[in-house]
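> Handing you this structure, nothing more for now.
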Amino acid sequence: MYKVPCGSHIYTCFSSDSFHPDADGWRKDAWEMMHERSDCTFFMITKRPERIADHLPAGWGNGLEHVTIAVTCENQDMLDKRLTVYLDLPLFHHAVMIEPMLTEADLSPYIEKYRTSDGRPLIEEVSIGGESGANARVCDYKWVEKVWLQCKENGISFYYHQTGAKLIKDGKLYNIPRKLQHIQAHKAGLDL
């Protein structure tokens, strides 16, 4: 009956924002499909956590185990703005994407303050990527390592998915072609 096999991991609206106002017209249909396909997992991203609570489906409760809504933040200012809203939301899973990573970032205040009833960090997963494209801004590998260490020390899953086009490592600027950005990030061996 379905073209998508049972057990598939589906990235939902991954090149846009699932909570952008333009998605208001079709989001209800997406929720219905996610409810119907509880045999799959869904991963959504947004830069608009302030819109999530008002746009969750009926019967959401504390979230759906097979749905992850991740928040993306590109610098410390956006982490501070978005995580204070996002981590108070009734979500079964909390994931943070720092992409494109444009500044050093400190997750420790949010790891310490927001914990489950058994003491685990509410943030389950962190993913980092530098900016790609011709006009990409620099990402410093030291910033990536800092967040990686915070995740490692707190048992949070970490994924370094892309270096970006301009990466500073050990004081040297590397211009990394698009086709190598994922490969080079994986070679760093930081995934937890």
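Identifiers for the structure tokens are assigned positionally: chains receive A, B, ... in sequence, residues are indexed from 1 per chain, and ligands are indexed from 1 in the order shown.
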To test your reading of the structure, identify every residue in region 4-191 of chain A that backbone DSSP assigns to strand (DSSP E), and report it as number ranges by chain.

A: 9-12, 41-46, 67-72, 94-98, 123-129, 139-140, 157-162, 166-169, 172-175

> Could you list, as a list in words, every residue within 7 Å of region 132-135 of chain A, counting only C-alpha atoms and ignoring same-chain residues fewer than 6 positions away?

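What passes the distance filter is Gly164, Ala165 and Arg178 of chain A.
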
> Write out as number ranges by chain each polymer residue whose atoms come within 10 Å of region 136-153 of chain A, counting only C-alpha atoms; drop sequence neighbours fewer than 4 positions from it.

A: 98-108, 111, 121, 123-132, 157-160, 163-175, 185, 188, 190-192

> Tell me which protein, DNA and RNA residues are within 10 Å of region 49-56 of chain A, counting only C-alpha atoms, leaving out same-chain ones fewer than 5 positions away, and put them as a PyMOL selection string.

chain A and resi 18-21+24+27-28+31+61+63+69-72+81-91

> Write the residues you've just listed into a file as a CSV table (one decimal), in the first residue's frame, and include N, CA, C and O atoms for each of them.


chain,number,residue,atom,x,y,z
A,18,SER,N,9.4,23.6,9.0
A,18,SER,CA,8.1,23.0,9.2
A,18,SER,C,7.1,23.9,9.9
A,18,SER,O,5.9,23.7,9.9
A,19,PHE,N,7.6,25.0,10.6
A,19,PHE,CA,6.7,25.9,11.3
A,19,PHE,C,6.7,27.3,10.8
A,19,PHE,O,6.3,28.2,11.4
A,20,HIS,N,7.2,27.4,9.5
A,20,HIS,CA,7.1,28.7,8.8
A,20,HIS,C,5.6,29.0,8.6
A,20,HIS,O,4.9,28.0,8.3
A,21,PRO,N,5.2,30.2,8.6
A,21,PRO,CA,3.8,30.5,8.4
A,21,PRO,C,3.3,30.0,7.0
A,21,PRO,O,2.1,29.6,6.9
A,24,ASP,N,1.5,26.6,7.2
A,24,ASP,CA,0.2,26.5,8.0
A,24,ASP,C,-0.9,25.8,7.1
A,24,ASP,O,-1.7,25.1,7.6
A,27,ARG,N,0.4,21.8,6.9
A,27,ARG,CA,0.9,21.1,8.1
A,27,ARG,C,-0.1,20.1,8.7
A,27,ARG,O,0.3,19.0,9.1
A,28,LYS,N,-1.4,20.4,8.6
A,28,LYS,CA,-2.4,19.5,9.2
A,28,LYS,C,-2.3,18.1,8.4
A,28,LYS,O,-2.4,17.1,9.0
A,31,TRP,N,0.8,16.3,9.6
A,31,TRP,CA,0.5,15.6,11.0
A,31,TRP,C,-0.3,14.4,10.8
A,31,TRP,O,0.0,13.4,11.4
A,61,GLY,N,-0.3,15.7,23.5
A,61,GLY,CA,0.1,15.4,24.8
A,61,GLY,C,1.6,15.8,25.0
A,61,GLY,O,1.9,17.0,24.8
A,63,GLY,N,4.0,14.6,23.3
A,63,GLY,CA,4.8,14.4,22.1
A,63,GLY,C,4.5,12.9,21.6
A,63,GLY,O,3.9,12.1,22.2
A,69,ILE,N,11.1,16.9,16.7
A,69,ILE,CA,11.1,18.3,16.2
A,69,ILE,C,12.4,18.9,16.7
A,69,ILE,O,12.6,19.1,17.9
A,70,ALA,N,13.3,19.3,15.8
A,70,ALA,CA,14.6,19.8,16.2
A,70,ALA,C,14.6,21.3,16.0
A,70,ALA,O,13.9,21.8,15.1
A,71,VAL,N,15.3,22.0,16.8
A,71,VAL,CA,15.5,23.5,16.6
A,71,VAL,C,16.9,23.7,16.1
A,71,VAL,O,17.8,23.0,16.4
A,72,THR,N,17.0,24.7,15.2
A,72,THR,CA,18.3,25.0,14.6
A,72,THR,C,18.7,26.4,15.0
A,72,THR,O,17.9,27.3,15.1
A,81,LYS,N,18.1,32.6,22.6
A,81,LYS,CA,16.7,33.0,22.2
A,81,LYS,C,15.8,31.8,22.0
A,81,LYS,O,14.7,31.8,22.6
A,82,ARG,N,16.3,30.9,21.3
A,82,ARG,CA,15.4,29.8,20.9
A,82,ARG,C,15.3,28.6,21.9
A,82,ARG,O,14.2,28.0,22.1
A,83,LEU,N,16.4,28.3,22.6
A,83,LEU,CA,16.4,27.1,23.5
A,83,LEU,C,15.5,27.4,24.7
A,83,LEU,O,14.9,26.5,25.3
A,84,THR,N,15.4,28.6,25.2
A,84,THR,CA,14.6,28.9,26.4
A,84,THR,C,13.1,28.6,26.0
A,84,THR,O,12.3,28.3,26.9
A,85,VAL,N,12.7,28.8,24.8
A,85,VAL,CA,11.3,28.5,24.4
A,85,VAL,C,11.2,27.0,24.1
A,85,VAL,O,10.3,26.3,24.6
A,86,TYR,N,12.1,26.5,23.3
A,86,TYR,CA,12.1,25.1,22.7
A,86,TYR,C,12.1,24.1,23.8
A,86,TYR,O,11.4,23.1,23.8
A,87,LEU,N,13.0,24.2,24.8
A,87,LEU,CA,13.1,23.2,25.8
A,87,LEU,C,12.0,23.2,26.8
A,87,LEU,O,11.9,22.2,27.6
A,88,ASP,N,11.1,24.1,26.8
A,88,ASP,CA,9.9,24.1,27.6
A,88,ASP,C,8.7,23.5,26.9
A,88,ASP,O,7.6,23.3,27.5
A,89,LEU,N,8.9,23.1,25.6
A,89,LEU,CA,7.8,22.5,24.8
A,89,LEU,C,7.5,21.0,25.2
A,89,LEU,O,8.5,20.3,25.5
A,90,PRO,N,6.3,20.6,25.0
A,90,PRO,CA,6.0,19.2,25.3
A,90,PRO,C,6.4,18.3,24.1
A,90,PRO,O,5.6,18.0,23.2
A,91,LEU,N,7.7,17.9,24.0
A,91,LEU,CA,8.2,17.1,22.9
A,91,LEU,C,8.7,15.8,23.5
A,91,LEU,O,9.4,15.9,24.5

> Using DSSP secondary structure from the backbone, list all alpha helix (DSSP H) positions within region 103-174 of chain A, as a list in words.

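Output for region 103-174 of chain A, alpha helix (DSSP H) only: Ser108, Pro109, Tyr110, Ile111, Glu112, Lys113, Tyr141, Lys142, Trp143, Val144, Glu145, Lys146, Val147, Trp148, Leu149, Gln150, Cys151, Lys152, Glu153 and Asn154 of chain A.
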
> Excluding Met44 (chain A) and any residue of its chain fewer than 2 positions from it, enumerate the residues within 8 Å of it, using only C-alpha atoms, and give them as a ChimeraX atom specification.

/A:11-14,17-18,42,46,67-70

> Selection from above, all heavy atoms, as a JSON list (two decimals), in the first residue's frame, can you write it?


[["chain", "number", "residue", "atom", "x", "y", "z"],
["A", 11, "TYR", "N", 12.90, 12.59, 6.74],
["A", 11, "TYR", "CA", 13.22, 13.99, 7.01],
["A", 11, "TYR", "C", 12.10, 14.83, 6.40],
["A", 11, "TYR", "O", 11.88, 14.82, 5.20],
["A", 11, "TYR", "CB", 14.58, 14.36, 6.40],
["A", 11, "TYR", "CG", 15.71, 13.63, 7.07],
["A", 11, "TYR", "CD1", 16.24, 12.47, 6.51],
["A", 11, "TYR", "CD2", 16.22, 14.08, 8.27],
["A", 11, "TYR", "CE1", 17.28, 11.79, 7.14],
["A", 11, "TYR", "CE2", 17.26, 13.40, 8.91],
["A", 11, "TYR", "CZ", 17.77, 12.26, 8.34],
["A", 11, "TYR", "OH", 18.78, 11.58, 8.95],
["A", 12, "THR", "N", 11.41, 15.56, 7.24],
["A", 12, "THR", "CA", 10.21, 16.28, 6.85],
["A", 12, "THR", "C", 10.52, 17.75, 6.61],
["A", 12, "THR", "O", 11.00, 18.43, 7.51],
["A", 12, "THR", "CB", 9.14, 16.15, 7.97],
["A", 12, "THR", "OG1", 8.96, 14.77, 8.25],
["A", 12, "THR", "CG2", 7.82, 16.75, 7.55],
["A", 13, "CYS", "N", 10.26, 18.22, 5.40],
["A", 13, "CYS", "CA", 10.44, 19.64, 5.07],
["A", 13, "CYS", "C", 11.86, 20.09, 5.38],
["A", 13, "CYS", "O", 12.09, 21.15, 5.93],
["A", 13, "CYS", "CB", 9.40, 20.47, 5.82],
["A", 13, "CYS", "SG", 9.16, 22.14, 5.22],
["A", 14, "PHE", "N", 12.83, 19.26, 5.02],
["A", 14, "PHE", "CA", 14.21, 19.46, 5.48],
["A", 14, "PHE", "C", 14.91, 20.64, 4.83],
["A", 14, "PHE", "O", 15.88, 21.15, 5.38],
["A", 14, "PHE", "CB", 15.02, 18.18, 5.28],
["A", 14, "PHE", "CG", 15.98, 17.93, 6.40],
["A", 14, "PHE", "CD1", 15.52, 17.73, 7.68],
["A", 14, "PHE", "CD2", 17.34, 17.92, 6.18],
["A", 14, "PHE", "CE1", 16.39, 17.50, 8.73],
["A", 14, "PHE", "CE2", 18.23, 17.69, 7.22],
["A", 14, "PHE", "CZ", 17.75, 17.48, 8.49],
["A", 17, "ASP", "N", 11.28, 25.06, 6.58],
["A", 17, "ASP", "CA", 11.00, 25.16, 8.01],
["A", 17, "ASP", "C", 9.57, 24.69, 8.25],
["A", 17, "ASP", "O", 8.62, 25.31, 7.75],
["A", 17, "ASP", "CB", 11.19, 26.61, 8.47],
["A", 17, "ASP", "CG", 11.11, 26.77, 9.98],
["A", 17, "ASP", "OD1", 10.29, 26.08, 10.63],
["A", 17, "ASP", "OD2", 11.86, 27.59, 10.52],
["A", 18, "SER", "N", 9.42, 23.62, 8.98],
["A", 18, "SER", "CA", 8.11, 23.02, 9.21],
["A", 18, "SER", "C", 7.13, 23.93, 9.94],
["A", 18, "SER", "O", 5.93, 23.70, 9.92],
["A", 18, "SER", "CB", 8.27, 21.72, 10.01],
["A", 18, "SER", "OG", 9.02, 20.80, 9.27],
["A", 42, "PHE", "N", 9.96, 10.34, 12.06],
["A", 42, "PHE", "CA", 9.97, 11.61, 11.34],
["A", 42, "PHE", "C", 10.86, 12.60, 12.07],
["A", 42, "PHE", "O", 10.86, 12.67, 13.30],
["A", 42, "PHE", "CB", 8.54, 12.17, 11.24],
["A", 42, "PHE", "CG", 7.63, 11.33, 10.41],
["A", 42, "PHE", "CD1", 6.97, 10.24, 10.97],
["A", 42, "PHE", "CD2", 7.44, 11.61, 9.07],
["A", 42, "PHE", "CE1", 6.13, 9.45, 10.19],
["A", 42, "PHE", "CE2", 6.61, 10.83, 8.29],
["A", 42, "PHE", "CZ", 5.95, 9.74, 8.86],
["A", 46, "THR", "N", 13.10, 23.43, 12.73],
["A", 46, "THR", "CA", 12.53, 24.78, 12.71],
["A", 46, "THR", "C", 13.48, 25.79, 13.34],
["A", 46, "THR", "O", 14.27, 25.44, 14.21],
["A", 46, "THR", "CB", 11.17, 24.83, 13.43],
["A", 46, "THR", "OG1", 10.59, 26.13, 13.23],
["A", 46, "THR", "CG2", 11.29, 24.55, 14.91],
["A", 67, "VAL", "N", 8.26, 11.00, 16.44],
["A", 67, "VAL", "CA", 8.45, 12.32, 15.82],
["A", 67, "VAL", "C", 9.46, 13.13, 16.63],
["A", 67, "VAL", "O", 9.31, 13.29, 17.84],
["A", 67, "VAL", "CB", 7.12, 13.09, 15.72],
["A", 67, "VAL", "CG1", 7.35, 14.49, 15.17],
["A", 67, "VAL", "CG2", 6.11, 12.33, 14.87],
["A", 68, "THR", "N", 10.48, 13.63, 15.94],
["A", 68, "THR", "CA", 11.44, 14.55, 16.56],
["A", 68, "THR", "C", 11.29, 15.90, 15.89],
["A", 68, "THR", "O", 11.33, 15.99, 14.66],
["A", 68, "THR", "CB", 12.90, 14.06, 16.38],
["A", 68, "THR", "OG1", 13.04, 12.79, 17.02],
["A", 68, "THR", "CG2", 13.88, 15.05, 16.98],
["A", 69, "ILE", "N", 11.10, 16.93, 16.69],
["A", 69, "ILE", "CA", 11.12, 18.30, 16.19],
["A", 69, "ILE", "C", 12.40, 18.93, 16.72],
["A", 69, "ILE", "O", 12.57, 19.07, 17.93],
["A", 69, "ILE", "CB", 9.89, 19.10, 16.66],
["A", 69, "ILE", "CG1", 8.60, 18.45, 16.20],
["A", 69, "ILE", "CG2", 9.99, 20.54, 16.16],
["A", 69, "ILE", "CD1", 7.33, 19.08, 16.75],
["A", 70, "ALA", "N", 13.30, 19.26, 15.81],
["A", 70, "ALA", "CA", 14.59, 19.83, 16.19],
["A", 70, "ALA", "C", 14.56, 21.34, 15.97],
["A", 70, "ALA", "O", 13.87, 21.84, 15.10],
["A", 70, "ALA", "CB", 15.71, 19.21, 15.36]]

> Report, in Å to a single decimal, how far apart CA of His93 (chain A) and CA of Leu64 (chain A) are.

8.4 Å

> Which residues, written as a ChimeraX atom specification, have at least one atom at most 10 Å from region 34-39 of chain A, with only C-alpha atoms counted and residues fewer than 4 positions away on the same chain left out?

/A:2,4-10,12,28-30,57,64-67
